[in-house]
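*Asks:* Quick one: this structure, given as structure tokens, is what I'll be asking you about.
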Amino acid sequence: MTLQTIDVPDSIKQLPLSQPALRLIDEANERIEAFMLSDQRVIENFVTCDFHLVDQALHWIQENHLLAGNRFCEWGSGFGVAAMLAAVREMESAGIEIEPPLVEQSCRLADRLHIDAGFYCGSFVPRDLADVWDLGAGIEHVETDEGDVYEEIGWGPEDFDLFFAFPWPGEHTFFEAVFEASAADGSLLLTYRGREGMNLVRKI
Ligand SMILES: C[S@@+](CC[C@H](N)C(=O)[O-])C[C@H]1O[C@@H](n2cnc3c(N)ncnc32)[C@H](O)[C@@H]1O
């Protein structure tokens, strides 16, 4: 198995966002700010990606017919915005997040905006991936000691067509290793890399 890089052009930044996507992003940003300012315990691993760029990347992937199917999964979904943007784009969408308060916030936001995405509390790392646990040894921002949630979702990693994640700097290789070891041939992994923008690979 190997991962094939698909170049995502900078020109995706010119792609327009739909009204429902813009409304979702505005509402999410307000709620995230309020959540961060509230008395909650600080969730150190939670930072948000560029939601506009996620929607533009999804637009470009769909427009170029790169998907083998219609199922989307956000690994470490935080407030669940990428999973909801995929649902707005009519994908069957799920978010997996380890922190219960973030799962609760995602469910509330999806309910409020009537967006059909499912959110699951637990780990995106399949519990039977022995080699990947070794790779995770130096990883600081991914919880590697919790059970996965694929049984609850009813779909395994091999059933999704597109994964999205925002890894912390230096940790994207861990996400790629989990993807390579567990996803189906032909599926895609989109990662947000901060200033470097979006990175897209296909498992072949
Ligand atoms: C950098 S944040 C990204 C949040 C969201 N995807 C975004 O782009 O706005 C990473 C998230 O992964 C979560 N996380 C860490 N380890 C996880 C695991 N094993 N399974 C699921 N979520 C995890 C953290 O709690 C955090 O919310």
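Ordered as shown in the structure tokens, chains take letters A, B, and onward, while each chain numbers its residues from 1 and ligands are numbered from 1 in the order shown.
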Neighbours of segment 79-94 of chain A within 6 Å (only C-alpha atoms; same-chain residues fewer than 6 positions away dropped), as number ranges by chain?
*Replies:* A: 70-73, 102, 106, 117-119
*Asks:* Residues near Asp50 of chain A, anyone? I mean within 9 Å using only C-alpha atoms, not counting same-chain ones fewer than 6 positions away, as a ChimeraX atom specification.
*Replies:* /A:192,194,197
*Asks:* Can I get the selected residues back with C-alpha atoms, as a compact mmCIF listing (two decimals), in the first residue's frame?
*Replies:*
```txt
# COMPACT_ATOMS: atom_id res chain seq x y z
CA TYR A 192 -5.01 21.04 7.22
CA GLY A 194 -1.64 25.62 8.89
CA GLY A 197 -2.75 24.94 3.52
```
*Asks:* Work out how far atom CA of Leu67 of chain A is from atom CA of Leu188 of chain A, in Å to one decimal.
*Replies:* 7.5 Å
*Asks:* Can you work out which one of A:Asp134, A:Asp111, A:Asp116, A:Glu44 has the shortest atom-to-atom distance to ligand 1, counting only C-alpha atoms and all ligand atoms?
*Replies:*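 Among A:Asp134, A:Asp111, A:Asp116, A:Glu44, it is A:Glu44 that comes nearest to ligand 1.
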*Asks:* DSSP on the backbone: which residues in segment 40-195 of chain A end up as helix (DSSP H, G or I)? Give the answer as a ChimeraX atom specification.
*Replies:* /A:51-63,81-88,100-112,130-138,150-153,157-159,172-182,194-195
*Asks:* Mind the document's chain letters and residue numbers, and return as JSON, numbers by chain the residues of segment 77-167 of chain A that DSSP labels strand (DSSP E or B).
*Replies:* {"A": [92, 93, 94, 95, 96, 97, 117, 118, 119, 120, 121, 123, 148, 162, 163, 164, 165]}
*Asks:* Next, dump the selected residues to file, keeping only N, CA and C atoms, as a compact mmCIF listing (two decimals), in the first residue's frame.
*Replies:*
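Resulting contents of out-v5.txt:
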```
# COMPACT_ATOMS: atom_id res chain seq x y z
N GLU A 92 -22.59 11.79 3.74
CA GLU A 92 -22.97 11.11 4.98
C GLU A 92 -21.79 11.31 5.92
N SER A 93 -22.01 12.03 7.01
CA SER A 93 -20.87 12.57 7.72
C SER A 93 -20.86 12.23 9.21
N ALA A 94 -19.63 11.93 9.72
CA ALA A 94 -19.46 11.63 11.14
C ALA A 94 -18.21 12.34 11.66
N GLY A 95 -18.27 12.75 12.93
CA GLY A 95 -17.10 13.33 13.59
C GLY A 95 -16.77 12.49 14.82
N ILE A 96 -15.47 12.25 15.02
CA ILE A 96 -15.02 11.48 16.18
C ILE A 96 -14.14 12.39 17.04
N GLU A 97 -14.53 12.55 18.29
CA GLU A 97 -13.80 13.46 19.19
C GLU A 97 -13.72 12.83 20.57
N ALA A 117 -25.36 15.46 10.76
CA ALA A 117 -24.04 14.84 10.93
C ALA A 117 -24.05 14.16 12.30
N GLY A 118 -23.36 13.02 12.42
CA GLY A 118 -23.33 12.31 13.70
C GLY A 118 -22.00 12.55 14.42
N PHE A 119 -22.07 12.72 15.75
CA PHE A 119 -20.84 12.94 16.53
C PHE A 119 -20.69 11.87 17.60
N TYR A 120 -19.47 11.36 17.71
CA TYR A 120 -19.21 10.20 18.55
C TYR A 120 -18.03 10.49 19.47
N CYS A 121 -18.20 10.12 20.74
CA CYS A 121 -17.17 10.40 21.74
C CYS A 121 -16.28 9.18 21.93
N SER A 123 -12.11 7.49 20.53
CA SER A 123 -10.90 7.67 19.72
C SER A 123 -11.12 7.26 18.26
N ASP A 148 -11.83 2.92 20.52
CA ASP A 148 -12.41 3.56 19.34
C ASP A 148 -13.94 3.47 19.34
N LEU A 162 -13.69 9.74 2.55
CA LEU A 162 -12.86 10.92 2.76
C LEU A 162 -12.73 11.17 4.27
N PHE A 163 -11.48 11.31 4.72
CA PHE A 163 -11.19 11.68 6.11
C PHE A 163 -10.62 13.09 6.11
N PHE A 164 -10.95 13.83 7.20
CA PHE A 164 -10.32 15.13 7.38
C PHE A 164 -9.73 15.17 8.79
N ALA A 165 -8.55 15.78 8.91
CA ALA A 165 -7.96 15.99 10.24
C ALA A 165 -7.10 17.24 10.23
```
*Asks:* Within 6 Å of ligand 1 (counting only C-alpha atoms and all ligand atoms), which residues show up? I'd like them as number ranges by chain.
*Replies:* A: 45-49, 75-78, 96-99, 122-125, 141-144, 165-168
*Asks:* Nearest to Leu200 of chain A among A:Phe160, A:Tyr150, A:Trp60, A:Phe51, with distances taken over only C-alpha atoms: which residue is it?
*Replies:*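 Of all the options, A:Trp60 lies closest to Leu200 of chain A.
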